[in-house]
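As provided, upload.txt (compact mmCIF, N, CA and C atoms) reads as follows.
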# COMPACT_ATOMS: atom_id res chain seq x y z
N MET U 1 -133.37 17.07 -66.61
CA MET U 1 -131.97 17.44 -66.56
C MET U 1 -131.08 16.29 -67.03
N LYS U 2 -131.44 15.09 -66.62
CA LYS U 2 -130.66 13.93 -67.01
C LYS U 2 -130.69 13.75 -68.53
N LYS U 3 -131.84 14.00 -69.17
CA LYS U 3 -131.96 13.86 -70.62
C LYS U 3 -131.05 14.87 -71.33
N ILE U 4 -130.98 16.07 -70.80
CA ILE U 4 -130.13 17.10 -71.41
C ILE U 4 -128.67 16.69 -71.30
N PHE U 5 -128.27 16.14 -70.16
CA PHE U 5 -126.90 15.71 -69.96
C PHE U 5 -126.55 14.57 -70.93
N VAL U 6 -127.41 13.58 -71.04
CA VAL U 6 -127.18 12.44 -71.94
C VAL U 6 -127.12 12.93 -73.39
N PHE U 7 -128.03 13.81 -73.78
CA PHE U 7 -128.02 14.37 -75.13
C PHE U 7 -126.72 15.11 -75.39
N SER U 8 -126.25 15.88 -74.43
CA SER U 8 -125.00 16.64 -74.59
C SER U 8 -123.81 15.71 -74.76
N VAL U 9 -123.76 14.65 -73.97
CA VAL U 9 -122.66 13.69 -74.06
C VAL U 9 -122.65 13.03 -75.44
N PHE U 10 -123.82 12.58 -75.91
CA PHE U 10 -123.89 11.95 -77.22
C PHE U 10 -123.51 12.93 -78.35
N THR U 11 -123.93 14.18 -78.20
CA THR U 11 -123.59 15.18 -79.20
C THR U 11 -122.07 15.40 -79.25
N LEU U 12 -121.45 15.51 -78.09
CA LEU U 12 -120.00 15.70 -78.03
C LEU U 12 -119.26 14.49 -78.62
N LEU U 13 -119.73 13.30 -78.30
CA LEU U 13 -119.10 12.10 -78.84
C LEU U 13 -119.24 12.05 -80.37
N PHE U 14 -120.41 12.42 -80.87
CA PHE U 14 -120.64 12.44 -82.31
C PHE U 14 -119.68 13.42 -82.99
N VAL U 15 -119.54 14.61 -82.43
CA VAL U 15 -118.64 15.62 -83.00
C VAL U 15 -117.20 15.12 -82.95
N PHE U 16 -116.80 14.51 -81.85
CA PHE U 16 -115.44 13.99 -81.71
C PHE U 16 -115.16 12.92 -82.77
N PHE U 17 -116.06 11.96 -82.92
CA PHE U 17 -115.84 10.89 -83.89
C PHE U 17 -115.90 11.39 -85.33
N ALA U 18 -116.73 12.37 -85.61
CA ALA U 18 -116.79 12.95 -86.95
C ALA U 18 -115.46 13.63 -87.28
N ALA U 19 -114.92 14.37 -86.33
CA ALA U 19 -113.63 15.04 -86.54
C ALA U 19 -112.51 14.02 -86.69
N SER U 20 -112.55 12.95 -85.89
CA SER U 20 -111.53 11.90 -85.98
C SER U 20 -111.61 11.19 -87.33
N HIS U 21 -112.82 10.93 -87.81
CA HIS U 21 -112.99 10.26 -89.10
C HIS U 21 -112.40 11.11 -90.22
N GLN U 22 -112.61 12.41 -90.16
CA GLN U 22 -112.07 13.29 -91.19
C GLN U 22 -110.54 13.29 -91.14
N SER U 23 -109.96 13.31 -89.95
CA SER U 23 -108.50 13.32 -89.86
C SER U 23 -107.92 11.98 -90.29
N ILE U 24 -108.63 10.88 -90.06
CA ILE U 24 -108.17 9.58 -90.52
C ILE U 24 -108.19 9.54 -92.04
N ALA U 25 -109.24 10.10 -92.64
CA ALA U 25 -109.32 10.12 -94.10
C ALA U 25 -108.15 10.89 -94.70
N GLN U 26 -107.69 11.93 -94.03
CA GLN U 26 -106.56 12.70 -94.53
C GLN U 26 -105.26 11.94 -94.42
N ARG U 27 -105.21 10.90 -93.58
CA ARG U 27 -103.99 10.13 -93.40
C ARG U 27 -103.90 8.94 -94.35
N ARG U 28 -104.90 8.71 -95.14
CA ARG U 28 -104.88 7.59 -96.07
C ARG U 28 -103.95 7.87 -97.24
N TYR U 29 -103.39 6.80 -97.75
CA TYR U 29 -102.55 6.92 -98.94
C TYR U 29 -103.42 6.91 -100.18
N VAL U 30 -103.00 7.67 -101.19
CA VAL U 30 -103.71 7.81 -102.45
C VAL U 30 -102.88 7.11 -103.54
N ASP U 31 -103.55 6.39 -104.43
CA ASP U 31 -102.85 5.71 -105.51
C ASP U 31 -102.16 6.71 -106.42
N HIS U 32 -100.91 6.42 -106.75
CA HIS U 32 -100.16 7.22 -107.70
C HIS U 32 -99.98 6.45 -109.01
N SER U 33 -99.37 5.27 -108.93
CA SER U 33 -99.14 4.46 -110.13
C SER U 33 -98.75 3.04 -109.73
N THR U 34 -98.80 2.16 -110.71
CA THR U 34 -98.29 0.80 -110.56
C THR U 34 -97.38 0.53 -111.74
N VAL U 35 -96.15 0.15 -111.45
CA VAL U 35 -95.14 -0.09 -112.48
C VAL U 35 -94.48 -1.44 -112.20
N GLU U 36 -94.52 -2.33 -113.17
CA GLU U 36 -93.87 -3.64 -113.07
C GLU U 36 -94.21 -4.37 -111.78
N GLY U 37 -95.49 -4.32 -111.40
CA GLY U 37 -95.94 -5.02 -110.20
C GLY U 37 -95.66 -4.30 -108.90
N VAL U 38 -95.15 -3.09 -108.97
CA VAL U 38 -94.85 -2.29 -107.77
C VAL U 38 -95.86 -1.15 -107.70
N GLU U 39 -96.61 -1.12 -106.62
CA GLU U 39 -97.67 -0.13 -106.42
C GLU U 39 -97.12 1.04 -105.61
N ILE U 40 -97.32 2.25 -106.12
CA ILE U 40 -96.82 3.46 -105.44
C ILE U 40 -98.02 4.29 -105.00
N GLN U 41 -98.03 4.64 -103.72
CA GLN U 41 -99.07 5.50 -103.15
C GLN U 41 -98.39 6.65 -102.41
N TYR U 42 -99.16 7.71 -102.17
CA TYR U 42 -98.60 8.87 -101.48
C TYR U 42 -99.64 9.53 -100.58
N ARG U 43 -99.16 10.39 -99.71
CA ARG U 43 -100.01 11.27 -98.92
C ARG U 43 -99.17 12.44 -98.44
N TRP U 44 -99.85 13.53 -98.14
CA TRP U 44 -99.19 14.69 -97.57
C TRP U 44 -99.51 14.72 -96.09
N ALA U 45 -98.51 15.03 -95.27
CA ALA U 45 -98.70 15.08 -93.82
C ALA U 45 -97.85 16.21 -93.24
N SER U 46 -98.28 16.69 -92.09
CA SER U 46 -97.48 17.68 -91.37
C SER U 46 -96.22 16.99 -90.86
N SER U 47 -95.11 17.70 -90.90
CA SER U 47 -93.85 17.10 -90.48
C SER U 47 -93.78 16.88 -88.97
N LYS U 48 -94.54 17.67 -88.21
CA LYS U 48 -94.63 17.48 -86.76
C LYS U 48 -96.03 16.96 -86.46
N TRP U 49 -96.09 15.90 -85.69
CA TRP U 49 -97.29 15.12 -85.50
C TRP U 49 -98.53 15.94 -85.14
N LEU U 50 -98.51 16.75 -84.13
CA LEU U 50 -99.69 17.49 -83.70
C LEU U 50 -99.65 18.97 -84.07
N ASP U 51 -98.78 19.33 -84.98
CA ASP U 51 -98.65 20.73 -85.39
C ASP U 51 -99.04 20.87 -86.86
N SER U 52 -100.31 21.21 -87.10
CA SER U 52 -100.80 21.28 -88.48
C SER U 52 -100.17 22.43 -89.27
N SER U 53 -99.51 23.36 -88.60
CA SER U 53 -98.86 24.45 -89.32
C SER U 53 -97.40 24.13 -89.66
N SER U 54 -96.91 22.97 -89.24
CA SER U 54 -95.53 22.58 -89.56
C SER U 54 -95.43 22.28 -91.06
N PRO U 55 -94.22 22.31 -91.60
CA PRO U 55 -94.07 22.09 -93.05
C PRO U 55 -94.65 20.75 -93.49
N LEU U 56 -95.31 20.79 -94.65
CA LEU U 56 -95.87 19.57 -95.21
C LEU U 56 -94.76 18.71 -95.80
N GLU U 57 -94.93 17.40 -95.70
CA GLU U 57 -93.98 16.50 -96.33
C GLU U 57 -94.74 15.42 -97.09
N LEU U 58 -94.18 15.05 -98.20
CA LEU U 58 -94.73 14.00 -99.04
C LEU U 58 -94.22 12.67 -98.49
N ARG U 59 -95.15 11.75 -98.22
CA ARG U 59 -94.77 10.42 -97.73
C ARG U 59 -95.25 9.38 -98.75
N LEU U 60 -94.38 8.44 -99.02
CA LEU U 60 -94.70 7.40 -99.99
C LEU U 60 -94.89 6.05 -99.32
N LYS U 61 -95.69 5.23 -99.97
CA LYS U 61 -95.85 3.83 -99.61
C LYS U 61 -95.64 3.05 -100.90
N ILE U 62 -94.69 2.13 -100.87
CA ILE U 62 -94.38 1.35 -102.07
C ILE U 62 -94.53 -0.12 -101.72
N LYS U 63 -95.42 -0.80 -102.46
CA LYS U 63 -95.72 -2.20 -102.21
C LYS U 63 -95.28 -3.05 -103.39
N ASN U 64 -94.57 -4.13 -103.09
CA ASN U 64 -94.14 -5.08 -104.10
C ASN U 64 -95.19 -6.18 -104.21
N ASN U 65 -95.97 -6.16 -105.27
CA ASN U 65 -97.00 -7.17 -105.49
C ASN U 65 -96.47 -8.40 -106.23
N ASN U 66 -95.20 -8.41 -106.54
CA ASN U 66 -94.59 -9.52 -107.26
C ASN U 66 -94.32 -10.70 -106.32
N ASP U 67 -93.95 -11.84 -106.93
CA ASP U 67 -93.60 -13.04 -106.16
C ASP U 67 -92.10 -13.13 -105.93
N TYR U 68 -91.39 -12.05 -106.18
CA TYR U 68 -89.94 -12.01 -106.01
C TYR U 68 -89.56 -10.63 -105.46
N PRO U 69 -88.41 -10.55 -104.77
CA PRO U 69 -87.97 -9.25 -104.24
C PRO U 69 -87.53 -8.31 -105.36
N VAL U 70 -87.67 -7.02 -105.11
CA VAL U 70 -87.26 -6.01 -106.08
C VAL U 70 -86.45 -4.91 -105.40
N ALA U 71 -85.52 -4.36 -106.16
CA ALA U 71 -84.80 -3.16 -105.76
C ALA U 71 -85.46 -2.00 -106.49
N VAL U 72 -85.82 -0.97 -105.73
CA VAL U 72 -86.50 0.21 -106.28
C VAL U 72 -85.61 1.43 -106.04
N THR U 73 -85.39 2.19 -107.09
CA THR U 73 -84.59 3.42 -107.00
C THR U 73 -85.37 4.54 -107.67
N TYR U 74 -85.38 5.73 -107.06
CA TYR U 74 -86.10 6.86 -107.64
C TYR U 74 -85.66 8.18 -107.01
N ASP U 75 -86.07 9.27 -107.67
CA ASP U 75 -85.91 10.64 -107.16
C ASP U 75 -87.30 11.26 -107.10
N ILE U 76 -87.46 12.28 -106.29
CA ILE U 76 -88.70 13.07 -106.23
C ILE U 76 -88.36 14.49 -106.66
N GLU U 77 -89.20 15.04 -107.54
CA GLU U 77 -89.01 16.43 -107.99
C GLU U 77 -90.25 17.25 -107.66
N PHE U 78 -90.03 18.46 -107.14
CA PHE U 78 -91.09 19.41 -106.84
C PHE U 78 -91.06 20.52 -107.87
N TYR U 79 -92.24 20.86 -108.41
CA TYR U 79 -92.37 21.91 -109.43
C TYR U 79 -93.35 22.98 -108.98
N MET U 80 -93.07 24.21 -109.38
CA MET U 80 -94.05 25.30 -109.31
C MET U 80 -94.26 25.73 -110.75
N GLY U 81 -95.44 25.40 -111.27
CA GLY U 81 -95.68 25.60 -112.69
C GLY U 81 -94.75 24.68 -113.46
N ALA U 82 -94.03 25.24 -114.42
CA ALA U 82 -93.09 24.44 -115.21
C ALA U 82 -91.67 24.49 -114.65
N VAL U 83 -91.49 25.20 -113.54
CA VAL U 83 -90.15 25.41 -112.99
C VAL U 83 -89.83 24.34 -111.95
N LEU U 84 -88.73 23.62 -112.16
CA LEU U 84 -88.25 22.65 -111.20
C LEU U 84 -87.67 23.38 -110.00
N GLU U 85 -88.28 23.20 -108.84
CA GLU U 85 -87.82 23.88 -107.63
C GLU U 85 -86.80 23.06 -106.85
N GLU U 86 -87.03 21.74 -106.75
CA GLU U 86 -86.13 20.90 -105.96
C GLU U 86 -86.15 19.46 -106.47
N THR U 87 -85.04 18.79 -106.26
CA THR U 87 -84.94 17.36 -106.53
C THR U 87 -84.37 16.70 -105.29
N SER U 88 -84.97 15.59 -104.90
CA SER U 88 -84.50 14.87 -103.72
C SER U 88 -83.22 14.10 -104.05
N ASP U 89 -82.57 13.63 -103.01
CA ASP U 89 -81.49 12.68 -103.21
C ASP U 89 -82.11 11.38 -103.70
N GLU U 90 -81.32 10.56 -104.33
CA GLU U 90 -81.81 9.28 -104.81
C GLU U 90 -82.20 8.39 -103.62
N THR U 91 -83.34 7.75 -103.73
CA THR U 91 -83.81 6.81 -102.71
C THR U 91 -83.66 5.40 -103.25
N GLU U 92 -83.08 4.52 -102.44
CA GLU U 92 -82.91 3.12 -102.82
C GLU U 92 -83.58 2.24 -101.78
N LEU U 93 -84.41 1.31 -102.26
CA LEU U 93 -85.12 0.39 -101.38
C LEU U 93 -85.02 -1.02 -101.91
N CYS U 94 -85.09 -1.98 -101.03
CA CYS U 94 -85.25 -3.36 -101.44
C CYS U 94 -86.51 -3.85 -100.73
N ILE U 95 -87.45 -4.39 -101.49
CA ILE U 95 -88.74 -4.77 -100.93
C ILE U 95 -89.01 -6.24 -101.26
N ASN U 96 -89.25 -7.01 -100.22
CA ASN U 96 -89.55 -8.43 -100.38
C ASN U 96 -90.93 -8.62 -101.00
N PRO U 97 -91.20 -9.81 -101.55
CA PRO U 97 -92.49 -10.05 -102.21
C PRO U 97 -93.67 -9.86 -101.27
N LYS U 98 -94.72 -9.25 -101.81
CA LYS U 98 -96.00 -9.06 -101.12
C LYS U 98 -95.89 -8.17 -99.87
N LEU U 99 -94.81 -7.41 -99.75
CA LEU U 99 -94.62 -6.49 -98.62
C LEU U 99 -94.52 -5.06 -99.12
N ALA U 100 -94.66 -4.13 -98.16
CA ALA U 100 -94.59 -2.70 -98.50
C ALA U 100 -93.62 -1.99 -97.56
N LYS U 101 -93.09 -0.90 -98.04
CA LYS U 101 -92.32 0.02 -97.20
C LYS U 101 -93.07 1.34 -97.22
N THR U 102 -93.08 1.98 -96.06
CA THR U 102 -93.96 3.13 -95.89
C THR U 102 -93.26 4.29 -95.20
N GLY U 103 -93.53 5.49 -95.70
CA GLY U 103 -93.29 6.78 -95.06
C GLY U 103 -92.02 6.99 -94.28
N ARG U 104 -92.17 7.69 -93.18
CA ARG U 104 -91.04 8.12 -92.36
C ARG U 104 -90.18 6.97 -91.85
N ILE U 105 -90.80 5.88 -91.50
CA ILE U 105 -90.07 4.75 -90.93
C ILE U 105 -88.95 4.29 -91.85
N ASN U 106 -89.20 4.33 -93.13
CA ASN U 106 -88.23 3.85 -94.12
C ASN U 106 -87.54 4.98 -94.88
N GLY U 107 -87.62 6.19 -94.38
CA GLY U 107 -86.95 7.32 -95.02
C GLY U 107 -87.60 7.77 -96.31
N MET U 108 -88.87 7.45 -96.48
CA MET U 108 -89.58 7.79 -97.71
C MET U 108 -90.47 9.01 -97.49
N TYR U 109 -89.85 10.08 -97.02
CA TYR U 109 -90.57 11.34 -96.82
C TYR U 109 -89.73 12.46 -97.41
N TYR U 110 -90.42 13.42 -98.03
CA TYR U 110 -89.74 14.46 -98.80
C TYR U 110 -90.36 15.80 -98.47
N ARG U 111 -89.52 16.70 -97.97
CA ARG U 111 -89.96 18.03 -97.57
C ARG U 111 -89.19 19.07 -98.36
N SER U 112 -89.89 20.08 -98.79
CA SER U 112 -89.24 21.14 -99.54
C SER U 112 -88.53 22.10 -98.59
N SER U 113 -87.34 22.51 -98.97
CA SER U 113 -86.62 23.49 -98.16
C SER U 113 -86.94 24.92 -98.59
N SER U 114 -87.55 25.08 -99.77
CA SER U 114 -87.82 26.43 -100.26
C SER U 114 -89.31 26.76 -100.39
N LEU U 115 -90.15 25.76 -100.55
CA LEU U 115 -91.58 26.01 -100.74
C LEU U 115 -92.33 25.99 -99.40
N ARG U 116 -93.27 26.88 -99.26
CA ARG U 116 -94.11 26.96 -98.07
C ARG U 116 -95.36 26.10 -98.26
N ASN U 117 -96.08 25.86 -97.18
CA ASN U 117 -97.31 25.05 -97.26
C ASN U 117 -98.29 25.64 -98.27
N ARG U 118 -98.42 26.96 -98.27
CA ARG U 118 -99.37 27.57 -99.20
C ARG U 118 -98.96 27.35 -100.66
N ASP U 119 -97.63 27.26 -100.92
CA ASP U 119 -97.15 26.94 -102.27
C ASP U 119 -97.52 25.51 -102.64
N ILE U 120 -97.29 24.59 -101.72
CA ILE U 120 -97.58 23.18 -101.97
C ILE U 120 -99.07 22.95 -102.17
N GLU U 121 -99.89 23.71 -101.48
CA GLU U 121 -101.35 23.56 -101.60
C GLU U 121 -101.92 24.31 -102.80
N SER U 122 -101.10 25.06 -103.51
CA SER U 122 -101.58 25.83 -104.66
C SER U 122 -101.76 24.94 -105.89
N ASP U 123 -102.53 25.43 -106.85
CA ASP U 123 -102.76 24.69 -108.09
C ASP U 123 -101.52 24.63 -108.98
N GLU U 124 -100.58 25.52 -108.76
CA GLU U 124 -99.37 25.54 -109.58
C GLU U 124 -98.37 24.46 -109.18
N PHE U 125 -98.48 23.96 -107.96
CA PHE U 125 -97.52 22.98 -107.45
C PHE U 125 -97.80 21.60 -108.02
N SER U 126 -96.74 20.87 -108.33
CA SER U 126 -96.85 19.46 -108.71
C SER U 126 -95.57 18.74 -108.29
N TRP U 127 -95.63 17.44 -108.28
CA TRP U 127 -94.45 16.64 -107.96
C TRP U 127 -94.43 15.42 -108.87
N GLU U 128 -93.24 14.88 -109.07
CA GLU U 128 -93.07 13.72 -109.93
C GLU U 128 -92.06 12.76 -109.33
N ILE U 129 -92.26 11.49 -109.65
CA ILE U 129 -91.24 10.48 -109.37
C ILE U 129 -90.43 10.35 -110.65
N THR U 130 -89.12 10.54 -110.55
CA THR U 130 -88.27 10.47 -111.74
C THR U 130 -87.18 9.41 -111.54
N ASN U 131 -86.57 9.04 -112.63
CA ASN U 131 -85.48 8.05 -112.61
C ASN U 131 -85.89 6.77 -111.89
N LEU U 132 -87.15 6.38 -112.05
CA LEU U 132 -87.66 5.19 -111.38
C LEU U 132 -87.09 3.94 -112.05
N GLU U 133 -86.44 3.13 -111.24
CA GLU U 133 -85.90 1.86 -111.70
C GLU U 133 -86.38 0.76 -110.77
N ILE U 134 -86.90 -0.30 -111.36
CA ILE U 134 -87.35 -1.45 -110.58
C ILE U 134 -86.62 -2.66 -111.14
N GLU U 135 -85.89 -3.33 -110.27
CA GLU U 135 -85.05 -4.43 -110.71
C GLU U 135 -85.33 -5.67 -109.86
N ARG U 136 -85.54 -6.79 -110.51
CA ARG U 136 -85.69 -8.06 -109.80
C ARG U 136 -84.35 -8.43 -109.16
N VAL U 137 -84.37 -8.81 -107.88
CA VAL U 137 -83.16 -9.22 -107.18
C VAL U 137 -83.38 -10.58 -106.53
N GLU U 138 -82.30 -11.22 -106.16
CA GLU U 138 -82.42 -12.54 -105.55
C GLU U 138 -82.93 -12.47 -104.12
N SER U 139 -82.47 -11.46 -103.37
CA SER U 139 -82.93 -11.31 -101.99
C SER U 139 -82.66 -9.89 -101.50
N CYS U 140 -83.38 -9.52 -100.45
CA CYS U 140 -83.13 -8.25 -99.79
C CYS U 140 -82.32 -8.53 -98.54
N ARG U 141 -81.27 -7.77 -98.35
CA ARG U 141 -80.40 -7.99 -97.20
C ARG U 141 -80.78 -7.13 -96.05
Translate the structure of the given file into structure tokens.
Amino acid sequence: MKKIFVFSVFTLLFVFFAASHQSIAQRRYVDHSTVEGVEIQYRWASSKWLDSSSPLELRLKIKNNNDYPVAVTYDIEFYMGAVLEETSDETELCINPKLAKTGRINGMYYRSSSLRNRDIESDEFSWEITNLEIERVESCR
């Protein structure tokens, strides 16, 4: 009986850690591009932490690999096929050397007001960073 109990506990722990590993992998940022020493990564996440059916939002991570601070400005556009569905407001950031700004904490999350999760997960959906400007600055305030 004791062996069955120990086996059951190990099996449950294995299943728990396997599920956790998969969810951690989904939270990783994916490389998008590197422009003028600035690395841009993204990931999709549910807008509500424990509600996987909540609207998906695009979260960015932008890292300044330069030895000087930079001002970064950009827009995000969502497309269904060739049709532009939405454009975000302009985002402006100042990032010190060798540091990154990430996701919700820094206002770098973008949610569609018209597209549903199934639209975003479809093959027709795409997104772009537009009007990207990277400018060397003396300091970030």
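Atom pair atom CA of Tyr109 of chain U / atom C of Glu133 of chain U: separated by 18.0 Å.
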query: Which of these, U:Ala45, U:Asp119, U:Leu60, U:Ser126, has the shortest distance to Gly107 of chain U once you count all atoms listed in the file?
result: U:Leu60
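Coordinates place atom CA of Arg28 of chain U at a distance of 13.4 Å from atom CA of Ser46 of chain U.
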Is it possible to get the residues within 10 Å of (-94.8, 15.9, -96.3) (coordinates as in the file, counting only C-alpha atoms) written as a short mmCIF file (atom, residue, chain, number, x, y, z; two decimals) with N, CA and C atoms, in the coordinates of the input?
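Written output follows (result_38.cif):
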data_model
loop_
_atom_site.label_atom_id
_atom_site.label_comp_id
_atom_site.auth_asym_id
_atom_site.auth_seq_id
_atom_site.Cartn_x
_atom_site.Cartn_y
_atom_site.Cartn_z
N TYR U 42 -99.16 7.71 -102.17
CA TYR U 42 -98.60 8.87 -101.48
C TYR U 42 -99.64 9.53 -100.58
N ARG U 43 -99.16 10.39 -99.71
CA ARG U 43 -100.01 11.27 -98.92
C ARG U 43 -99.17 12.44 -98.44
N TRP U 44 -99.85 13.53 -98.14
CA TRP U 44 -99.19 14.69 -97.57
C TRP U 44 -99.51 14.72 -96.09
N ALA U 45 -98.51 15.03 -95.27
CA ALA U 45 -98.70 15.08 -93.82
C ALA U 45 -97.85 16.21 -93.24
N SER U 46 -98.28 16.69 -92.09
CA SER U 46 -97.48 17.68 -91.37
C SER U 46 -96.22 16.99 -90.86
N SER U 47 -95.11 17.70 -90.90
CA SER U 47 -93.85 17.10 -90.48
C SER U 47 -93.78 16.88 -88.97
N LYS U 48 -94.54 17.67 -88.21
CA LYS U 48 -94.63 17.48 -86.76
C LYS U 48 -96.03 16.96 -86.46
N SER U 54 -96.91 22.97 -89.24
CA SER U 54 -95.53 22.58 -89.56
C SER U 54 -95.43 22.28 -91.06
N PRO U 55 -94.22 22.31 -91.60
CA PRO U 55 -94.07 22.09 -93.05
C PRO U 55 -94.65 20.75 -93.49
N LEU U 56 -95.31 20.79 -94.65
CA LEU U 56 -95.87 19.57 -95.21
C LEU U 56 -94.76 18.71 -95.80
N GLU U 57 -94.93 17.40 -95.70
CA GLU U 57 -93.98 16.50 -96.33
C GLU U 57 -94.74 15.42 -97.09
N LEU U 58 -94.18 15.05 -98.20
CA LEU U 58 -94.73 14.00 -99.04
C LEU U 58 -94.22 12.67 -98.49
N ARG U 59 -95.15 11.75 -98.22
CA ARG U 59 -94.77 10.42 -97.73
C ARG U 59 -95.25 9.38 -98.75
N LEU U 60 -94.38 8.44 -99.02
CA LEU U 60 -94.70 7.40 -99.99
C LEU U 60 -94.89 6.05 -99.32
N GLY U 103 -93.53 5.49 -95.70
CA GLY U 103 -93.29 6.78 -95.06
C GLY U 103 -92.02 6.99 -94.28
N ARG U 104 -92.17 7.69 -93.18
CA ARG U 104 -91.04 8.12 -92.36
C ARG U 104 -90.18 6.97 -91.85
N MET U 108 -88.87 7.45 -96.48
CA MET U 108 -89.58 7.79 -97.71
C MET U 108 -90.47 9.01 -97.49
N TYR U 109 -89.85 10.08 -97.02
CA TYR U 109 -90.57 11.34 -96.82
C TYR U 109 -89.73 12.46 -97.41
N TYR U 110 -90.42 13.42 -98.03
CA TYR U 110 -89.74 14.46 -98.80
C TYR U 110 -90.36 15.80 -98.47
N ARG U 111 -89.52 16.70 -97.97
CA ARG U 111 -89.96 18.03 -97.57
C ARG U 111 -89.19 19.07 -98.36
N SER U 112 -89.89 20.08 -98.79
CA SER U 112 -89.24 21.14 -99.54
C SER U 112 -88.53 22.10 -98.59
N ASN U 117 -96.08 25.86 -97.18
CA ASN U 117 -97.31 25.05 -97.26
C ASN U 117 -98.29 25.64 -98.27
N ILE U 120 -97.29 24.59 -101.72
CA ILE U 120 -97.58 23.18 -101.97
C ILE U 120 -99.07 22.95 -102.17
#
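With all atoms listed in the file as the basis for measurement, U:Ser114 is the residue among U:Ala100, U:Glu124, U:Ser114, U:Leu50 that approaches Glu86 of chain U most closely.
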task: Go ahead and compute the interatomic distance for atom CA of Arg136 of chain U and atom C of Phe78 of chain U, in Å to one decimal.
output: 29.1 Å
- request: Going by DSSP on the backbone, which bits of chain U are strand (DSSP E)? Write them as number ranges by chain, please.
  value: U: 30-35, 38-48, 51-64, 70-80, 83-87, 91-95, 100-102, 109-111, 125-136
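Each of U:Val83, U:Ile62, U:Val38, U:Val70 was checked against Ile95 of chain U using all atoms listed in the file; the smallest atom-to-atom distance is that of U:Val70.
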